[in-house]
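Here is the file structure-v8.cif (mmCIF, C-alpha atoms and all ligand atoms).
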```cif
data_my_file
#
loop_
_atom_site.group_PDB
_atom_site.id
_atom_site.type_symbol
_atom_site.label_atom_id
_atom_site.label_comp_id
_atom_site.auth_asym_id
_atom_site.auth_seq_id
_atom_site.Cartn_x
_atom_site.Cartn_y
_atom_site.Cartn_z
ATOM 1 C CA MET A 303 -10.527 35.461 -17.924
ATOM 2 C CA TYR A 304 -7.574 37.056 -16.144
ATOM 3 C CA TYR A 305 -4.703 37.982 -18.444
ATOM 4 C CA ILE A 306 -1.313 39.759 -18.570
ATOM 5 C CA ASP A 307 -0.322 42.145 -21.375
ATOM 6 C CA PRO A 308 3.444 41.624 -21.745
ATOM 7 C CA HIS A 309 4.068 44.600 -24.066
ATOM 8 C CA ILE A 310 2.024 47.771 -23.725
ATOM 9 C CA HIS A 311 3.154 51.412 -23.637
ATOM 10 C CA MET A 312 1.007 52.806 -20.853
ATOM 11 C CA VAL A 313 2.735 56.231 -20.875
ATOM 12 C CA SER A 314 0.753 56.746 -24.097
ATOM 13 C CA ARG A 315 -2.578 55.792 -22.531
ATOM 14 C CA THR A 316 -5.045 57.646 -20.352
ATOM 15 C CA THR A 317 -6.046 56.627 -16.858
ATOM 16 C CA ASP A 318 -9.428 55.648 -18.361
ATOM 17 C CA ASP A 319 -7.542 53.014 -20.384
ATOM 18 C CA TYR A 320 -6.084 51.581 -17.184
ATOM 19 C CA GLU A 321 -9.616 51.308 -15.809
ATOM 20 C CA THR A 322 -10.876 49.620 -18.996
ATOM 21 C CA LEU A 323 -8.002 47.096 -18.950
ATOM 22 C CA ALA A 324 -8.774 46.211 -15.328
ATOM 23 C CA LYS A 325 -12.453 45.685 -16.197
ATOM 24 C CA MET A 326 -11.425 43.429 -19.106
ATOM 25 C CA GLY A 327 -9.497 41.115 -16.764
ATOM 26 C CA CYS A 328 -5.965 42.496 -17.113
ATOM 27 C CA VAL A 329 -4.091 41.877 -13.842
ATOM 28 C CA ALA A 330 -0.572 42.890 -14.887
ATOM 29 C CA MET A 331 1.286 44.533 -17.753
ATOM 30 C CA SER A 332 4.879 45.071 -18.763
ATOM 31 C CA GLU A 333 6.012 48.246 -20.444
ATOM 32 C CA PRO A 334 9.267 48.296 -22.414
ATOM 33 C CA ALA A 335 11.049 51.617 -22.925
ATOM 34 C CA PHE A 336 10.455 52.892 -26.482
ATOM 35 C CA TRP A 337 10.627 55.848 -28.839
ATOM 36 C CA ALA A 338 8.619 58.920 -27.785
ATOM 37 C CA GLY A 339 7.764 59.962 -31.367
ATOM 38 C CA PHE A 340 10.679 62.405 -31.327
ATOM 39 C CA ASP A 341 14.363 61.963 -30.502
ATOM 40 C CA ARG A 342 15.223 62.887 -26.938
ATOM 41 C CA GLY A 343 18.020 65.425 -26.643
ATOM 42 C CA SER A 344 20.031 64.232 -23.659
ATOM 43 C CA VAL A 345 20.663 61.466 -21.172
ATOM 44 C CA ASP A 346 18.612 63.438 -18.646
ATOM 45 C CA GLY A 347 15.583 63.118 -20.951
ATOM 46 C CA PHE A 348 15.922 59.337 -20.639
ATOM 47 C CA ARG A 349 16.480 59.502 -16.906
ATOM 48 C CA ASP A 350 13.186 61.368 -16.496
ATOM 49 C CA TYR A 351 11.411 58.872 -18.780
ATOM 50 C CA PHE A 352 12.779 55.962 -16.742
ATOM 51 C CA ARG A 353 11.577 57.697 -13.557
ATOM 52 C CA GLN A 354 8.101 57.940 -15.077
ATOM 53 C CA LEU A 355 8.200 54.220 -15.980
ATOM 54 C CA THR A 356 9.336 53.138 -12.509
ATOM 55 C CA THR A 357 7.261 55.488 -10.335
ATOM 56 C CA PHE A 358 4.144 57.040 -11.870
ATOM 57 C CA GLU A 359 2.988 54.201 -14.159
ATOM 58 C CA PRO A 360 3.076 51.551 -11.369
ATOM 59 C CA LYS A 361 1.090 54.000 -9.269
ATOM 60 C CA ARG A 362 -1.577 54.503 -11.951
ATOM 61 C CA ALA A 363 -1.841 50.733 -12.479
ATOM 62 C CA GLY A 364 -2.158 50.268 -8.739
ATOM 63 C CA TRP A 365 -5.224 52.551 -8.640
ATOM 64 C CA TYR A 366 -7.008 49.720 -10.493
ATOM 65 C CA HIS A 367 -5.290 46.857 -8.631
ATOM 66 C CA MET A 368 -3.036 45.913 -11.527
ATOM 67 C CA HIS A 369 0.717 45.241 -11.397
ATOM 68 C CA HIS A 370 2.943 47.323 -13.701
ATOM 69 C CA PHE A 371 6.418 46.107 -14.718
ATOM 70 C CA THR A 372 8.918 47.791 -17.007
ATOM 71 C CA TRP A 373 12.129 47.425 -19.049
ATOM 72 C CA MET A 374 14.957 49.924 -19.668
ATOM 73 C CA CYS A 375 16.801 50.800 -22.900
ATOM 74 C CA ILE A 376 17.387 53.350 -25.635
ATOM 75 C CA ASN A 377 15.242 52.397 -28.635
ATOM 76 C CA ALA A 378 16.725 51.437 -32.004
ATOM 77 C CA LYS A 379 15.143 54.543 -33.589
ATOM 78 C CA GLU A 380 17.498 56.679 -31.495
ATOM 79 C CA ALA A 381 20.545 54.426 -31.943
ATOM 80 C CA GLU A 382 21.975 56.456 -34.839
ATOM 81 C CA ASN A 383 23.249 58.769 -32.119
ATOM 82 C CA VAL A 384 25.806 56.288 -30.784
ATOM 83 C CA LYS A 385 27.323 58.784 -28.321
ATOM 84 C CA LEU A 386 23.968 59.458 -26.647
ATOM 85 C CA SER A 387 23.122 55.743 -26.744
ATOM 86 C CA ARG A 388 26.312 54.946 -24.832
ATOM 87 C CA GLU A 389 25.516 57.609 -22.235
ATOM 88 C CA VAL A 390 22.049 56.083 -21.730
ATOM 89 C CA ILE A 391 23.429 52.524 -21.475
ATOM 90 C CA ALA A 392 25.938 53.758 -18.863
ATOM 91 C CA MET A 393 23.091 55.389 -16.874
ATOM 92 C CA MET A 394 20.651 52.441 -17.027
ATOM 93 C CA PRO A 395 22.124 50.556 -14.005
ATOM 94 C CA GLU A 396 20.660 53.347 -11.828
ATOM 95 C CA PHE A 397 17.285 51.732 -12.575
ATOM 96 C CA LEU A 398 17.938 48.034 -13.236
ATOM 97 C CA ASP A 399 17.753 46.965 -9.585
ATOM 98 C CA LEU A 400 14.499 48.768 -8.810
ATOM 99 C CA PRO A 401 11.349 46.765 -7.985
ATOM 100 C CA GLY A 402 9.344 45.971 -11.108
ATOM 101 C CA VAL A 403 12.216 46.468 -13.575
ATOM 102 C CA LEU A 404 12.328 43.148 -15.423
ATOM 103 C CA GLY A 405 15.414 43.750 -17.579
ATOM 104 C CA ILE A 406 16.565 45.400 -20.805
ATOM 105 C CA GLY A 407 14.133 46.224 -23.616
ATOM 106 C CA GLU A 408 12.730 46.783 -26.050
ATOM 107 C CA ILE A 409 16.050 46.696 -27.852
ATOM 108 C CA GLY A 410 16.452 45.566 -31.458
ATOM 109 C CA LEU A 411 16.693 46.946 -34.952
ATOM 110 C CA ASN A 412 14.563 49.419 -36.900
ATOM 111 C CA LYS A 413 16.198 50.014 -40.300
ATOM 112 C CA ASN A 414 18.868 47.318 -39.783
ATOM 113 C CA THR A 415 21.753 49.819 -39.877
ATOM 114 C CA LYS A 416 25.316 49.417 -38.628
ATOM 115 C CA ASN A 417 24.820 51.876 -35.764
ATOM 116 C CA GLU A 418 21.665 50.059 -34.665
ATOM 117 C CA SER A 419 23.652 46.808 -34.542
ATOM 118 C CA ILE A 420 26.427 48.465 -32.512
ATOM 119 C CA VAL A 421 23.966 49.790 -29.931
ATOM 120 C CA PHE A 422 22.035 46.489 -29.865
ATOM 121 C CA LEU A 423 25.238 44.548 -29.126
ATOM 122 C CA GLU A 424 26.222 46.978 -26.370
ATOM 123 C CA HIS A 425 22.820 46.436 -24.721
ATOM 124 C CA LEU A 426 23.353 42.663 -24.999
ATOM 125 C CA ASP A 427 26.746 43.017 -23.355
ATOM 126 C CA LEU A 428 25.242 44.928 -20.409
ATOM 127 C CA ALA A 429 22.482 42.295 -20.098
ATOM 128 C CA ALA A 430 25.002 39.434 -20.147
ATOM 129 C CA LYS A 431 27.289 41.077 -17.573
ATOM 130 C CA ARG A 432 24.403 41.783 -15.187
ATOM 131 C CA GLY A 433 22.311 38.665 -15.848
ATOM 132 C CA GLU A 434 19.337 40.692 -17.105
ATOM 133 C CA GLN A 435 16.309 39.389 -19.001
ATOM 134 C CA ILE A 436 15.898 40.807 -22.519
ATOM 135 C CA LEU A 437 12.846 41.992 -24.504
ATOM 136 C CA ILE A 438 13.383 42.505 -28.229
ATOM 137 C CA HIS A 439 11.660 44.661 -30.847
ATOM 138 C CA THR A 440 11.815 43.374 -34.420
ATOM 139 C CA PRO A 441 11.430 45.773 -37.383
ATOM 140 C CA HIS A 442 8.221 46.482 -39.238
ATOM 141 C CA LEU A 443 7.023 45.331 -42.660
ATOM 142 C CA GLU A 444 9.683 45.126 -45.384
ATOM 143 C CA ASP A 445 12.567 45.215 -42.881
ATOM 144 C CA LYS A 446 11.138 42.484 -40.635
ATOM 145 C CA PHE A 447 12.511 39.234 -42.063
ATOM 146 C CA LYS A 448 16.062 40.506 -42.567
ATOM 147 C CA GLY A 449 16.075 42.373 -39.242
ATOM 148 C CA THR A 450 14.752 39.403 -37.278
ATOM 149 C CA SER A 451 17.381 37.126 -38.888
ATOM 150 C CA MET A 452 20.126 39.607 -37.979
ATOM 151 C CA ILE A 453 18.834 39.824 -34.388
ATOM 152 C CA VAL A 454 18.588 36.050 -33.966
ATOM 153 C CA ASP A 455 22.139 35.668 -35.358
ATOM 154 C CA MET A 456 23.536 38.277 -32.943
ATOM 155 C CA LEU A 457 21.739 36.643 -30.001
ATOM 156 C CA CYS A 458 22.983 33.167 -30.949
ATOM 157 C CA ASP A 459 26.555 34.459 -31.332
ATOM 158 C CA ASP A 460 26.626 35.530 -27.655
ATOM 159 C CA ARG A 461 27.205 32.307 -25.728
ATOM 160 C CA ARG A 462 26.679 34.073 -22.403
ATOM 161 C CA LEU A 463 22.937 34.583 -23.005
ATOM 162 C CA ASP A 464 20.303 32.223 -21.616
ATOM 163 C CA ARG A 465 17.780 31.929 -24.471
ATOM 164 C CA SER A 466 14.971 31.046 -22.075
ATOM 165 C CA ARG A 467 15.301 34.579 -20.685
ATOM 166 C CA VAL A 468 14.911 36.382 -24.033
ATOM 167 C CA LEU A 469 11.555 37.427 -25.565
ATOM 168 C CA VAL A 470 11.520 38.343 -29.273
ATOM 169 C CA ASP A 471 8.446 40.444 -29.998
ATOM 170 C CA HIS A 472 6.362 41.369 -33.065
ATOM 171 C CA VAL A 473 6.827 37.951 -34.692
ATOM 172 C CA GLU A 474 4.701 37.148 -37.743
ATOM 173 C CA GLU A 475 4.163 34.083 -39.924
ATOM 174 C CA HIS A 476 7.537 34.456 -41.665
ATOM 175 C CA THR A 477 9.631 35.092 -38.520
ATOM 176 C CA ILE A 478 8.039 33.033 -35.716
ATOM 177 C CA ARG A 479 9.727 29.752 -36.659
ATOM 178 C CA MET A 480 13.331 30.985 -36.456
ATOM 179 C CA VAL A 481 12.644 32.529 -33.026
ATOM 180 C CA LEU A 482 11.005 29.457 -31.464
ATOM 181 C CA GLU A 483 13.405 26.959 -33.053
ATOM 182 C CA GLU A 484 16.400 28.723 -31.489
ATOM 183 C CA GLY A 485 14.813 28.454 -28.037
ATOM 184 C CA PHE A 486 13.648 32.043 -27.518
ATOM 185 C CA TRP A 487 10.207 33.193 -26.368
ATOM 186 C CA ALA A 488 8.061 34.790 -29.086
ATOM 187 C CA GLY A 489 5.511 37.601 -28.778
ATOM 188 C CA MET A 490 2.748 38.289 -31.304
ATOM 189 C CA THR A 491 1.697 41.947 -31.383
ATOM 190 C CA LEU A 492 -1.940 42.581 -32.314
ATOM 191 C CA TYR A 493 -2.141 45.836 -34.204
ATOM 192 C CA PRO A 494 -4.828 47.509 -36.318
ATOM 193 C CA VAL A 495 -2.458 48.926 -38.996
ATOM 194 C CA SER A 496 0.520 46.586 -39.328
ATOM 195 C CA LYS A 497 1.807 43.502 -37.568
ATOM 196 C CA CYS A 498 -0.765 40.832 -36.688
ATOM 197 C CA THR A 499 -4.574 40.450 -36.311
ATOM 198 C CA PRO A 500 -6.184 38.262 -33.591
ATOM 199 C CA GLU A 501 -7.180 35.709 -36.239
ATOM 200 C CA ARG A 502 -3.634 35.440 -37.624
ATOM 201 C CA ALA A 503 -2.345 35.020 -34.059
ATOM 202 C CA VAL A 504 -4.761 32.105 -33.583
ATOM 203 C CA ASP A 505 -3.466 30.599 -36.856
ATOM 204 C CA MET A 506 0.086 30.740 -35.468
ATOM 205 C CA VAL A 507 -0.989 29.072 -32.209
ATOM 206 C CA GLU A 508 -2.562 26.296 -34.291
ATOM 207 C CA LEU A 509 0.611 25.908 -36.370
ATOM 208 C CA TYR A 510 3.268 26.166 -33.663
ATOM 209 C CA GLY A 511 1.526 25.312 -30.373
ATOM 210 C CA PRO A 512 1.456 27.412 -27.200
ATOM 211 C CA GLU A 513 4.970 26.810 -25.822
ATOM 212 C CA ARG A 514 6.996 30.004 -25.286
ATOM 213 C CA LEU A 515 4.322 32.046 -27.075
ATOM 214 C CA MET A 516 2.564 35.217 -25.866
ATOM 215 C CA VAL A 517 0.309 37.928 -27.290
ATOM 216 C CA ASN A 518 0.381 41.651 -26.614
ATOM 217 C CA SER A 519 -1.313 44.860 -27.719
ATOM 218 C CA ALA A 520 1.678 47.265 -27.969
ATOM 219 C CA GLY A 521 -0.853 49.969 -26.997
ATOM 220 C CA ASP A 522 1.426 52.811 -28.022
ATOM 221 C CA TRP A 523 0.844 56.419 -29.147
ATOM 222 C CA GLY A 524 0.081 55.395 -32.741
ATOM 223 C CA PRO A 525 -3.092 53.696 -33.996
ATOM 224 C CA SER A 526 -3.287 50.750 -31.602
ATOM 225 C CA LYS A 527 -5.818 49.009 -29.395
ATOM 226 C CA PRO A 528 -4.942 48.498 -25.727
ATOM 227 C CA THR A 529 -7.671 45.845 -25.389
ATOM 228 C CA ALA A 530 -6.325 43.664 -28.219
ATOM 229 C CA VAL A 531 -5.487 40.732 -25.917
ATOM 230 C CA PRO A 532 -9.196 40.240 -25.021
ATOM 231 C CA ASP A 533 -9.872 40.296 -28.796
ATOM 232 C CA PHE A 534 -7.412 37.388 -29.107
ATOM 233 C CA ILE A 535 -9.175 35.534 -26.263
ATOM 234 C CA MET A 536 -12.498 35.909 -28.125
ATOM 235 C CA ALA A 537 -10.944 34.778 -31.428
ATOM 236 C CA MET A 538 -9.541 31.660 -29.712
ATOM 237 C CA ARG A 539 -12.984 30.880 -28.255
ATOM 238 C CA ARG A 540 -14.642 31.307 -31.666
ATOM 239 C CA ARG A 541 -12.268 28.646 -33.033
ATOM 240 C CA GLY A 542 -13.298 26.310 -30.213
ATOM 241 C CA HIS A 543 -10.018 26.272 -28.276
ATOM 242 C CA PRO A 544 -10.230 25.266 -24.604
ATOM 243 C CA GLU A 545 -9.965 27.852 -21.841
ATOM 244 C CA SER A 546 -6.836 26.116 -20.483
ATOM 245 C CA LEU A 547 -4.975 26.668 -23.766
ATOM 246 C CA ILE A 548 -6.052 30.323 -23.948
ATOM 247 C CA ARG A 549 -5.040 30.893 -20.356
ATOM 248 C CA LYS A 550 -1.609 29.371 -20.976
ATOM 249 C CA ILE A 551 -0.872 31.952 -23.672
ATOM 250 C CA VAL A 552 -2.345 35.060 -22.034
ATOM 251 C CA TYR A 553 -1.534 34.348 -18.371
ATOM 252 C CA ASP A 554 0.654 31.331 -17.536
ATOM 253 C CA ASN A 555 3.334 31.999 -20.179
ATOM 254 C CA PRO A 556 3.982 35.665 -19.319
ATOM 255 C CA LEU A 557 4.018 34.702 -15.639
ATOM 256 C CA GLU A 558 6.577 31.961 -16.275
ATOM 257 C CA PHE A 559 8.787 34.245 -18.363
ATOM 258 C CA PHE A 560 8.610 37.221 -15.986
ATOM 259 C CA SER A 561 9.315 34.962 -12.989
ATOM 260 C CA ARG A 562 12.872 34.574 -14.284
ATOM 261 C CA SER A 563 13.565 38.214 -13.434
ATOM 262 C CA ARG A 564 14.819 38.974 -9.909
ATOM 263 C CA ASN A 565 12.675 42.132 -9.662
ATOM 264 C CA PHE A 566 9.394 40.384 -10.492
ATOM 265 C CA ASN A 567 7.089 40.250 -7.503
ATOM 266 C CA PHE A 568 3.491 39.380 -8.268
ATOM 267 C CA THR A 569 0.493 38.441 -6.188
ATOM 268 C CA PRO A 570 -2.046 36.543 -8.324
ATOM 269 C CA PRO A 571 -5.686 37.639 -8.052
ATOM 270 C CA GLU A 572 -7.718 35.741 -5.494
ATOM 271 C CA GLY A 573 -8.649 32.284 -6.703
ATOM 272 C CA VAL A 574 -5.804 32.114 -9.248
ATOM 273 C CA GLY A 575 -2.754 30.196 -8.057
ATOM 274 C CA SER A 576 -1.947 29.929 -4.356
ATOM 275 C CA ALA A 577 1.212 31.819 -3.456
ATOM 276 C CA SER A 578 2.819 35.008 -4.632
ATOM 277 C CA VAL A 579 5.411 34.384 -7.319
ATOM 278 C CA LYS A 580 8.858 35.851 -6.821
HETATM 279 ZN ZN ZN B 601 6.795 48.515 -28.157
#
```
Just give me the structure of the file as structure tokens.
Amino acid sequence: MYYIDPHIHMVSRTTDDYETLAKMGCVAMSEPAFWAGFDRGSVDGFRDYFRQLTTFEPKRAGWYHMHHFTWMCINAKEAENVKLSREVIAMMPEFLDLPGVLGIGEIGLNKNTKNESIVFLEHLDLAAKRGEQILIHTPHLEDKFKGTSMIVDMLCDDRRLDRSRVLVDHVEEHTIRMVLEEGFWAGMTLYPVSKCTPERAVDMVELYGPERLMVNSAGDWGPSKPTAVPDFIMAMRRRGHPESLIRKIVYDNPLEFFSRSRNFNFTPPEGVGSASVK
């Protein structure tokens, strides 16, 4: 089955991983900007990272006939430095009109601090002014419920935002409902150490249905599995779910969401769909 991974950090992966993803049926991926494992020292560090995301990663994906899309931001882990965050937000428009840049992300909260909220709101303001799509990171483990509530409140407070153009990622059993009920898209991240397993993701599909729901692998520099979406496909099949339902979650939904971005240009693989989606 062809699929799209809507949240995977390919800068952390080898070219062999790109090849494996292509062999597994991955036809496109989207890569939000994230934390490098250390705090970058200057706005130029981010500019170089954004150049990597918009030039080299699409090229590597293209070697295996996959489409690579990306999102720009400064991650919540670096938001304690509000001065640097503002410099990065001011620089981001250099990249937001480039082909394959879908919007602003992954923004959000990490430890739910005041500075993180300030920087999150300033990203939202830029997105609203420019009409950008938004991809959101929600905190891990003990900070998740409170952080997701804070994020949903801040999003709902901004009347300028179109909720059908916002994806809230890393939802789990205790946060998925508030995201879907407010009209946002929800992403389930399949992760070997925290977040969600393929089986728990299938449980959530059974509880909430497939509308505005996606799955992703995160595939970052930590313990993670870039082929987690095919694991989800297998788990859905083991439960007896039809191929059409699986395809909706791993292919049709990301395509529908990404299609709302002006820089999304995608040619489906032969035999899937008829025209290129713009
Ligand atoms: Zn991420």
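Using the PyMOL selection byres (((not hetatm)) within 9 of (chain B and resi 601)) on this structure selects His309, Ile310, His311, Glu333, Pro334, Ala335, Phe336, Trp337, Gly407, Glu408, Ile438, His439, Asp471, His472, Thr491, Ser519, Ala520, Gly521 and Asp522 of chain A.
Those residues that approach A:Tyr351 to within 12 Å, counting only C-alpha atoms, are Val313, Pro334, Ala335, Phe336, Trp337, Ala338, Arg342, Ser344, Val345, Asp346, Gly347, Phe348, Gln354, Leu355, Thr356, Thr357, Phe358, Glu359, Thr372, Trp373, Met374, Cys375, Ile376, Val390, Met394 and Phe397 of chain A; same-chain residues fewer than 3 positions away are not listed.
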(message) Rounded to one decimal, what separation in Å do you get between atom CA of A:Ser419 and atom CA of A:Val384?
(response) 10.4 Å
Edge lengths and centre in Å to one decimal, as JSON, of the axis-aligned box that encloses all listed atoms of stretch 531-540 of chain A with 3 Å added on every side?
```
{"center_x": -10.1, "center_y": 35.8, "center_z": -28.3, "size_x": 15.2, "size_y": 15.9, "size_z": 12.6}
```
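Nearest residue to A:Arg549 among A:Gly573, A:Phe566, A:Met516, A:Arg462 is A:Met516, counting only C-alpha atoms.
You will find atom CA of A:Arg465 at 26.0 Å from atom CA of A:Glu444.
One finds atom CA of A:Asn518 at 19.1 Å from atom CA of A:Pro570.
Of the listed residues (A:Ala537, A:Ile406, A:Ile306, A:Ile551), A:Ile306 comes nearest to A:Gly327; the distances count all atoms listed in the file.
With all atoms listed in the file as the atoms that count, the residue of A:Val517, A:Ala324, A:Met490, A:Leu557 with the shortest distance to A:Arg362 is A:Ala324.
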(message) Once the PyMOL selection byres (((chain A and resi 547) around 12) and not hetatm) is applied to the coordinates I shared, what remains selected? I want it as number ranges by chain.
(response) A: 303, 504, 507-508, 511-513, 515-516, 535, 538-539, 541-546, 548-555
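When the PyMOL selection byres (((chain A and resi 470) around 8) and not hetatm) is evaluated against the file, it yields Leu437, Ile438, His439, Thr440, Val468, Leu469, Asp471, His472, Val473, Val481, Phe486, Trp487, Ala488 and Gly489 of chain A.
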(message) Using only C-alpha atoms for the distances, tell me which of A:Met312, A:Leu398, A:Ile409, A:Val403 is nearest to A:Asn377.
(response) A:Ile409
(message) Let me make sure I understand: among A:Phe352, A:Ile391, A:Lys448, A:Leu426, which one has the smallest atom-to-atom distance to A:Asp460 if we use only C-alpha atoms?
(response) A:Leu426
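Checking A:Met456, A:Leu463, A:Gly339, A:Tyr366 one by one against A:Leu323, counting only C-alpha atoms, you find the shortest gap at A:Tyr366.
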